[in-house]
>>> print(open('start-v3.txt').read())   # compact mmCIF, C-alpha atoms
# COMPACT_ATOMS: atom_id res chain seq x y z
CA MET A 1 40.96 -16.11 7.13
CA VAL A 2 37.31 -15.10 6.89
CA ASP A 3 35.06 -16.96 9.33
CA ARG A 4 31.99 -16.52 11.55
CA SER A 5 33.81 -14.08 13.80
CA SER A 6 35.00 -11.76 11.02
CA PRO A 7 33.62 -8.23 11.42
CA ILE A 8 31.02 -7.43 8.76
CA ALA A 9 30.52 -4.20 6.83
CA ILE A 10 27.60 -3.38 4.56
CA ILE A 11 28.25 -0.85 1.82
CA GLY A 12 24.95 0.68 0.76
CA ALA A 13 22.17 1.86 3.03
CA GLY A 14 19.22 1.54 0.66
CA ARG A 15 16.36 -0.93 0.88
CA LEU A 16 18.38 -4.15 0.52
CA GLY A 17 21.35 -2.97 2.56
CA SER A 18 19.07 -1.82 5.37
CA ALA A 19 17.09 -5.07 5.39
CA LEU A 20 20.29 -7.14 5.43
CA ALA A 21 21.69 -5.05 8.28
CA HIS A 22 18.60 -5.56 10.43
CA ALA A 23 18.50 -9.27 9.62
CA LEU A 24 22.20 -9.86 10.36
CA LEU A 25 21.91 -8.05 13.67
CA ARG A 26 18.90 -10.10 14.73
CA ALA A 27 20.75 -13.30 13.73
CA GLY A 28 23.64 -12.39 16.02
CA ARG A 29 26.15 -11.96 13.21
CA PRO A 30 29.07 -9.57 13.89
CA LEU A 31 27.83 -6.57 11.91
CA ASP A 32 30.29 -3.83 12.75
CA THR A 33 29.58 -0.92 10.43
CA VAL A 34 27.44 0.40 7.60
CA ALA A 35 28.61 2.84 4.97
CA SER A 36 27.21 4.61 1.95
CA ALA A 37 28.22 7.04 -0.75
CA HIS A 38 25.88 9.40 1.09
CA ARG A 39 27.06 9.49 4.69
CA GLU A 40 23.74 10.79 6.00
CA THR A 41 21.92 7.64 4.86
CA ALA A 42 24.48 5.45 6.63
CA ASP A 43 24.11 7.55 9.78
CA ALA A 44 20.33 7.22 9.64
CA LEU A 45 20.56 3.43 9.28
CA ALA A 46 23.13 3.09 12.07
CA GLU A 47 20.78 4.94 14.44
CA GLN A 48 18.37 2.01 14.06
CA LEU A 49 21.04 -0.62 14.75
CA PRO A 50 22.25 -1.08 18.34
CA PHE A 51 26.04 -1.21 18.67
CA VAL A 52 26.57 -0.71 14.92
CA GLY A 53 28.38 2.37 13.68
CA ALA A 54 28.39 4.33 10.45
CA SER A 55 31.64 5.12 8.71
CA GLU A 56 33.14 6.31 5.48
CA VAL A 57 33.32 3.66 2.76
CA ALA A 58 37.11 3.25 2.77
CA GLU A 59 37.16 3.03 6.55
CA ALA A 60 34.41 0.39 6.53
CA ILE A 61 36.33 -1.76 4.04
CA GLU A 62 39.62 -1.38 5.91
CA GLY A 63 38.15 -2.45 9.24
CA SER A 64 36.12 -5.44 8.06
CA GLY A 65 36.76 -9.01 7.09
CA LEU A 66 33.49 -9.62 5.25
CA VAL A 67 32.12 -6.82 3.07
CA PHE A 68 28.65 -6.97 1.54
CA LEU A 69 28.02 -4.69 -1.44
CA ALA A 70 24.39 -3.56 -1.45
CA ILE A 71 24.94 -1.14 -4.30
CA PRO A 72 23.53 -0.88 -7.85
CA ASP A 73 24.69 -3.53 -10.31
CA ASP A 74 26.06 -1.00 -12.77
CA VAL A 75 28.57 0.44 -10.28
CA ILE A 76 29.85 -2.76 -8.67
CA ARG A 77 32.76 -3.31 -11.07
CA SER A 78 34.00 0.26 -10.84
CA PHE A 79 33.46 0.41 -7.07
CA VAL A 80 35.56 -2.69 -6.44
CA GLY A 81 38.29 -1.32 -8.70
CA GLU A 82 38.44 1.94 -6.76
CA HIS A 83 39.19 0.35 -3.38
CA ARG A 84 41.95 -1.67 -1.81
CA TRP A 85 41.41 -5.27 -0.75
CA ARG A 86 43.41 -7.74 1.32
CA PRO A 87 43.97 -11.50 1.22
CA ASP A 88 42.25 -11.88 4.61
CA GLN A 89 39.03 -10.30 3.31
CA ALA A 90 35.95 -11.44 1.42
CA VAL A 91 33.78 -9.17 -0.72
CA VAL A 92 30.25 -10.32 -1.56
CA HIS A 93 27.82 -8.70 -3.96
CA LEU A 94 24.06 -9.18 -3.72
CA SER A 95 23.31 -9.07 -7.45
CA GLY A 96 21.35 -11.72 -9.28
CA GLY A 97 22.54 -10.64 -12.70
CA LEU A 98 26.31 -10.44 -12.19
CA GLY A 99 28.87 -13.20 -11.82
CA LEU A 100 31.97 -13.13 -9.66
CA ASP A 101 33.98 -11.56 -12.48
CA ALA A 102 32.49 -8.24 -11.36
CA LEU A 103 34.68 -8.57 -8.27
CA ALA A 104 37.91 -9.26 -10.20
CA PRO A 105 39.94 -6.38 -8.68
CA ALA A 106 39.35 -7.90 -5.25
CA THR A 107 40.35 -11.42 -6.30
CA GLU A 108 43.46 -10.02 -7.98
CA ALA A 109 44.44 -8.81 -4.51
CA ALA A 110 43.84 -12.40 -3.25
CA ALA A 111 40.59 -11.53 -1.46
CA LEU A 112 37.73 -14.02 -1.64
CA ALA A 113 34.77 -13.15 -3.86
CA GLY A 114 31.18 -14.24 -3.47
CA CYS A 115 27.55 -13.64 -4.28
CA LEU A 116 24.54 -13.90 -1.99
CA HIS A 117 21.40 -13.10 -3.97
CA PRO A 118 18.10 -13.01 -2.06
CA LEU A 119 15.08 -13.88 -4.19
CA GLN A 120 12.93 -11.28 -2.50
CA THR A 121 11.51 -7.83 -3.02
CA PHE A 122 12.53 -5.03 -0.68
CA PRO A 123 9.90 -2.30 -0.95
CA ARG A 124 10.27 1.26 0.17
CA GLY A 125 8.93 2.12 3.63
CA ASP A 126 9.50 -1.17 5.50
CA SER A 127 9.76 -0.90 9.26
CA PRO A 128 12.89 -2.49 10.82
CA ALA A 129 10.81 -5.49 11.87
CA ALA A 130 9.36 -5.91 8.39
CA ALA A 131 12.81 -5.51 6.82
CA ARG A 132 14.23 -8.25 9.05
CA ALA A 133 11.38 -10.57 8.16
CA ARG A 134 12.02 -10.23 4.42
CA PHE A 135 14.64 -13.00 4.60
CA GLU A 136 12.46 -15.52 6.42
CA GLY A 137 11.47 -18.47 4.28
CA ILE A 138 12.99 -17.17 1.04
CA ALA A 139 15.60 -18.70 -1.25
CA CYS A 140 19.07 -17.18 -1.69
CA GLY A 141 21.44 -17.97 -4.51
CA VAL A 142 25.05 -18.47 -3.40
CA GLU A 143 28.26 -18.50 -5.40
CA ALA A 144 31.70 -18.56 -3.79
CA ALA A 145 34.71 -20.77 -3.35
CA GLU A 146 35.36 -22.35 0.03
CA PRO A 147 35.45 -21.41 2.82
CA LEU A 148 33.32 -18.42 1.81
CA GLY A 149 30.60 -20.51 0.18
CA SER A 150 29.87 -22.41 3.37
CA LEU A 151 29.99 -19.21 5.40
CA LEU A 152 27.40 -17.55 3.14
CA GLU A 153 25.19 -20.63 3.35
CA SER A 154 25.34 -20.53 7.15
CA ILE A 155 24.55 -16.80 7.18
CA ALA A 156 21.51 -17.38 4.97
CA ASP A 157 20.42 -20.21 7.26
CA ASP A 158 20.67 -17.90 10.28
CA LEU A 159 18.52 -15.36 8.44
CA GLY A 160 15.82 -17.99 7.97
CA ALA A 161 16.47 -18.55 4.26
CA ARG A 162 17.36 -21.63 2.24
CA THR A 163 20.13 -21.63 -0.34
CA PHE A 164 20.92 -22.99 -3.78
CA ARG A 165 24.14 -22.71 -5.75
CA LEU A 166 24.67 -20.41 -8.73
CA GLU A 167 27.92 -21.80 -10.13
CA GLY A 168 27.77 -22.45 -13.88
CA ILE A 169 24.31 -21.04 -14.53
CA ASP A 170 23.25 -18.40 -17.07
CA ARG A 171 22.97 -15.42 -14.75
CA ALA A 172 20.97 -13.30 -17.20
CA ALA A 173 18.27 -15.97 -17.64
CA TYR A 174 18.22 -16.63 -13.89
CA HIS A 175 17.77 -12.96 -13.10
CA ALA A 176 15.09 -12.63 -15.78
CA ALA A 177 13.16 -15.43 -14.06
CA ALA A 178 13.15 -13.37 -10.87
CA VAL A 179 12.00 -10.28 -12.77
CA PHE A 180 9.03 -12.20 -14.21
CA VAL A 181 7.64 -12.89 -10.73
CA SER A 182 8.51 -9.54 -9.15
CA ASN A 183 8.74 -6.54 -11.46
CA ASP A 184 6.42 -8.06 -14.04
CA VAL A 185 3.73 -8.73 -11.46
CA VAL A 186 3.71 -4.99 -10.85
CA ALA A 187 3.54 -4.53 -14.62
CA SER A 188 0.53 -6.87 -14.69
CA MET A 189 -1.19 -4.69 -12.11
CA VAL A 190 -0.46 -1.63 -14.26
CA ALA A 191 -2.03 -3.44 -17.24
CA ALA A 192 -4.98 -4.60 -15.14
CA THR A 193 -5.59 -1.03 -14.03
CA ARG A 194 -5.70 0.07 -17.66
CA ALA A 195 -8.25 -2.67 -18.47
CA TRP A 196 -10.26 -1.74 -15.36
CA GLU A 197 -10.41 1.85 -16.53
CA LEU A 198 -11.23 0.77 -20.09
CA ALA A 199 -14.23 -1.08 -18.66
CA GLY A 200 -15.52 2.22 -17.28
CA LEU A 201 -14.46 1.75 -13.65
CA PRO A 202 -12.44 4.32 -11.66
CA ALA A 203 -8.71 3.62 -11.96
CA ALA A 204 -8.26 4.73 -8.36
CA ASP A 205 -10.26 1.70 -7.18
CA ALA A 206 -8.37 -0.90 -9.21
CA ARG A 207 -5.55 -1.72 -6.81
CA ALA A 208 -7.74 -2.15 -3.75
CA SER A 209 -10.25 -4.22 -5.70
CA LEU A 210 -7.79 -6.47 -7.52
CA SER A 211 -5.11 -6.94 -4.84
CA PRO A 212 -6.99 -9.64 -2.89
CA LEU A 213 -7.20 -11.65 -6.11
CA LEU A 214 -3.48 -11.16 -6.65
CA THR A 215 -2.50 -12.21 -3.12
CA ALA A 216 -4.79 -15.26 -3.21
CA THR A 217 -3.21 -16.34 -6.49
CA ALA A 218 0.31 -15.86 -5.10
CA ALA A 219 -0.56 -17.92 -2.02
CA ALA A 220 -1.93 -20.71 -4.20
CA ILE A 221 1.19 -20.70 -6.39
CA ALA A 222 3.35 -21.09 -3.28
CA SER A 223 1.50 -24.18 -2.10
CA LEU A 224 0.08 -25.94 -5.18
CA GLU A 225 1.21 -27.17 -8.58
CA LEU A 226 0.81 -24.41 -11.16
CA VAL A 227 -1.90 -26.25 -13.07
CA ASP A 228 -3.93 -26.56 -9.87
CA THR A 229 -3.75 -22.83 -9.17
CA LEU A 230 -5.18 -21.80 -12.52
CA THR A 231 -8.78 -20.62 -12.79
CA GLY A 232 -10.58 -18.61 -15.46
CA PRO A 233 -11.30 -19.06 -19.16
CA VAL A 234 -8.06 -20.76 -20.22
CA ALA A 235 -8.41 -23.32 -17.43
CA ARG A 236 -12.01 -23.94 -18.49
CA GLY A 237 -11.21 -23.97 -22.20
CA ASP A 238 -13.71 -21.15 -22.67
CA VAL A 239 -12.75 -19.94 -26.12
CA ASP A 240 -15.74 -17.63 -26.52
CA THR A 241 -14.93 -15.73 -23.33
CA ILE A 242 -11.31 -15.25 -24.38
CA ARG A 243 -12.50 -14.03 -27.78
CA ARG A 244 -14.75 -11.48 -26.06
CA HIS A 245 -11.85 -10.34 -23.85
CA LEU A 246 -9.66 -9.76 -26.89
CA ALA A 247 -12.44 -7.86 -28.61
CA GLY A 248 -12.98 -5.72 -25.51
CA LEU A 249 -9.31 -4.79 -25.47
CA GLU A 250 -9.32 -3.69 -29.14
CA PRO A 251 -9.16 0.03 -28.18
CA GLN A 252 -5.77 -0.68 -26.56
CA PRO A 253 -3.86 -2.91 -29.06
CA ASP A 254 -0.75 -3.23 -26.89
CA LEU A 255 -2.88 -4.29 -23.91
CA ARG A 256 -4.71 -6.79 -26.09
CA GLU A 257 -1.41 -8.24 -27.29
CA LEU A 258 -0.12 -8.51 -23.72
CA TYR A 259 -3.27 -10.40 -22.70
CA ARG A 260 -2.88 -12.76 -25.65
CA ARG A 261 0.80 -13.46 -25.03
CA LEU A 262 0.32 -14.13 -21.32
CA ALA A 263 -2.67 -16.38 -21.97
CA ALA A 264 -0.62 -18.29 -24.55
CA GLU A 265 1.98 -19.05 -21.86
CA LEU A 266 -0.73 -20.87 -19.89
CA LEU A 267 -1.04 -23.37 -22.73
CA ARG A 268 2.36 -24.71 -21.67
CA LEU A 269 0.59 -26.27 -18.69
CA ASP A 270 -1.05 -29.69 -19.00
CA LEU A 271 -4.62 -28.43 -18.76
CA GLY A 272 -6.22 -31.70 -19.77
CA HIS A 273 -8.37 -30.19 -22.51
CA PRO A 274 -9.50 -32.43 -25.38
CA PRO A 275 -8.14 -31.67 -28.88
CA GLU A 276 -11.36 -29.94 -29.91
CA VAL A 277 -10.67 -27.34 -27.20
CA THR A 278 -6.87 -27.22 -27.35
CA GLY A 279 -6.83 -26.53 -31.09
CA PRO A 280 -9.14 -23.47 -31.07
CA LEU A 281 -7.42 -22.12 -27.93
CA ALA A 282 -3.99 -22.37 -29.52
CA ALA A 283 -5.22 -20.86 -32.78
CA LEU A 284 -6.86 -17.94 -30.97
CA LEU A 285 -3.93 -17.16 -28.69
CA ASN A 286 -1.19 -17.64 -31.23
CA SER A 287 -2.74 -15.59 -34.04
CA ASP A 288 -2.73 -11.85 -34.48
CA ARG A 289 -6.51 -11.62 -34.74
CA PRO A 290 -9.32 -13.68 -33.22
>>> encode(input="start-v3.txt", output="C-alpha cells")
Amino acid sequence: MVDRSSPIAIIGAGRLGSALAHALLRAGRPLDTVASAHRETADALAEQLPFVGASEVAEAIEGSGLVFLAIPDDVIRSFVGEHRWRPDQAVVHLSGGLGLDALAPATEAAALAGCLHPLQTFPRGDSPAAARARFEGIACGVEAAEPLGSLLESIADDLGARTFRLEGIDRAAYHAAAVFVSNDVVASMVAATRAWELAGLPAADARASLSPLLTATAAAIASLELVDTLTGPVARGDVDTIRRHLAGLEPQPDLRELYRRLAAELLRLDLGHPPEVTGPLAALLNSDRP
C-alpha cells in the first residue's frame, strides 16, 4: 500500500524533476533516490540533495513505492511499458496534456496511476532555493484513484500549492490554457521586440524596457478582475489609436495580424463601451483591413 511513508523516486533530473526533488526534500517527504537516462545528471542533482542518492532507472523503480516521472510527454507511454511495476507501487506523471491511459502498462500490473501537474514554469538556471519556491502558492492539477489521489493532494499541500481535480476534463484544452499564459507570453515578448525594432529602437533594449510593464500586468491579473487590469486603447475605446497601430505594423503583416487577433480577444470582456464605440472597435479588429 502506498502511503506517506513510501520511499519516493523521481525519474528525470531536468528542470521540473530537480525542482520537485528540492521541494519534496524541504517538505520532509521521503525522497529516496533520483534517476535519469543520463546518469551524470542524476548524480549532479543528488549532490545538491542531502541524504538522497542517485541510481540507475530500473534500480530506482524497484526500490520505491511512489515514482514520479519528470520526463518528456512523448516518451512516457514507452517508458512505462519498458519497466516492471508492482501492485504495491504508484507511478505518477507530471504532464498536463496526458491522461492516465499513458500509464496503462503500470495499471495492468495492478500499480496505482496518477497525475500531479504543476501550473508553473520551471526556467533554466534556478538555484535550489528558487527551484523549491516554484511550488509555493501555485495550483496543481491532480488525477488519481484513492488512496493515491488524497496522497498527491497532501503532497501538494506540503509543497505550498493548492489542488484541483482533473478527472473528466479535456486535457488538450486544459493544457492549451496553460500554454497561453506561459509559452505564449514569451511569444508576445518576441512579437513586442519585433515591433520595438520596427519603431527604430534597438532590439537589445526591448526586454529590459518592456519587462517591468509585463510584470506589473501579471501582478494585476493575479489580484484583480481581468477587466480591471486592462489599460490602453481597447480599454479606452480609442479606435483611432488602434488604427494607427495597425497601420504602423503594415511592414510586418503577420505581426499586424497577431496584434489584431489579440486585441479582438479583449472585446470578450465587458468593457462598458457604448454601441457607438463597440461597433467600430469590433469592425476594425474583426476585419482584414482597417
>>> closest_residue(input="start-v3.txt", among="A:Val227, A:Ala144, A:Leu25, A:Ala109", to="Leu271 (chain A)", atoms="all atoms listed in the file")
A:Val227
>>> atom_distance(input="start-v3.txt", atom1="CA of Gly149 (chain A)", atom2="CA of Val67 (chain A)")
14.1 Å
>>> atom_distance(input="start-v3.txt", atom1="CA of Ala111 (chain A)", atom2="CA of Asp158 (chain A)")
24.0 Å
>>> residues_around(input="start-v3.txt", residues="His273 (chain A)", least_positions_apart="4", cutoff="8 Å", atoms="all atoms listed in the file", output="list in words")
Gly237, Val277 and Thr278 of chain A
>>> write_last_selection(input="start-v3.txt", atoms="C-alpha atoms", output="PDB file, keeping the file's coordinate frame")
ATOM      1  CA  GLY A 237     -11.210 -23.970 -22.200  1.00  0.00           C
ATOM      2  CA  VAL A 277     -10.670 -27.340 -27.200  1.00  0.00           C
ATOM      3  CA  THR A 278      -6.870 -27.220 -27.350  1.00  0.00           C
TER       4      THR A 278
END
>>> residues_around(input="start-v3.txt", residues="Ile169 (chain A)", least_positions_apart="5", cutoff="12 Å", atoms="only C-alpha atoms", output="PyMOL selection string")
chain A and resi 96-99+141-143+164+174-175
>>> write_last_selection(input="start-v3.txt", atoms="C-alpha atoms", output="compact mmCIF listing (two decimals), in the coordinates of the input")
# COMPACT_ATOMS: atom_id res chain seq x y z
CA GLY A 96 21.35 -11.72 -9.28
CA GLY A 97 22.54 -10.64 -12.70
CA LEU A 98 26.31 -10.44 -12.19
CA GLY A 99 28.87 -13.20 -11.82
CA GLY A 141 21.44 -17.97 -4.51
CA VAL A 142 25.05 -18.47 -3.40
CA GLU A 143 28.26 -18.50 -5.40
CA PHE A 164 20.92 -22.99 -3.78
CA TYR A 174 18.22 -16.63 -13.89
CA HIS A 175 17.77 -12.96 -13.10
>>> closest_residue(input="start-v3.txt", among="A:Gly160, A:Pro123, A:Pro280, A:Pro274", to="Ile242 (chain A)", atoms="all atoms listed in the file")
A:Pro280
>>> atom_distance(input="start-v3.txt", atom1="CA of Pro118 (chain A)", atom2="CA of Val34 (chain A)")
19.0 Å
>>> residues_around(input="start-v3.txt", residues="Ser78 (chain A)", least_positions_apart="3", cutoff="12 Å", atoms="only C-alpha atoms", output="list in words")
Ile71, Pro72, Asp73, Asp74, Val75, Gly81, Glu82, His83, Asp101, Ala102, Leu103, Ala104, Pro105 and Ala106 of chain A
>>> write_last_selection(input="start-v3.txt", atoms="C-alpha atoms", output="PDB file, keeping the file's coordinate frame")
ATOM      1  CA  ILE A  71      24.940  -1.140  -4.300  1.00  0.00           C
ATOM      2  CA  PRO A  72      23.530  -0.880  -7.850  1.00  0.00           C
ATOM      3  CA  ASP A  73      24.690  -3.530 -10.310  1.00  0.00           C
ATOM      4  CA  ASP A  74      26.060  -1.000 -12.770  1.00  0.00           C
ATOM      5  CA  VAL A  75      28.570   0.440 -10.280  1.00  0.00           C
ATOM      6  CA  GLY A  81      38.290  -1.320  -8.700  1.00  0.00           C
ATOM      7  CA  GLU A  82      38.440   1.940  -6.760  1.00  0.00           C
ATOM      8  CA  HIS A  83      39.190   0.350  -3.380  1.00  0.00           C
ATOM      9  CA  ASP A 101      33.980 -11.560 -12.480  1.00  0.00           C
ATOM     10  CA  ALA A 102      32.490  -8.240 -11.360  1.00  0.00           C
ATOM     11  CA  LEU A 103      34.680  -8.570  -8.270  1.00  0.00           C
ATOM     12  CA  ALA A 104      37.910  -9.260 -10.200  1.00  0.00           C
ATOM     13  CA  PRO A 105      39.940  -6.380  -8.680  1.00  0.00           C
ATOM     14  CA  ALA A 106      39.350  -7.900  -5.250  1.00  0.00           C
TER      15      ALA A 106
END
>>> residues_near_point(input="start-v3.txt", point="(25.3, -0.3, 0.4)", cutoff="12 Å", atoms="all atoms listed in the file", output="PyMOL selection string")
chain A and resi 9-21+33-39+41-42+45+54-57+60-61+67-73+75-76+79+92-95
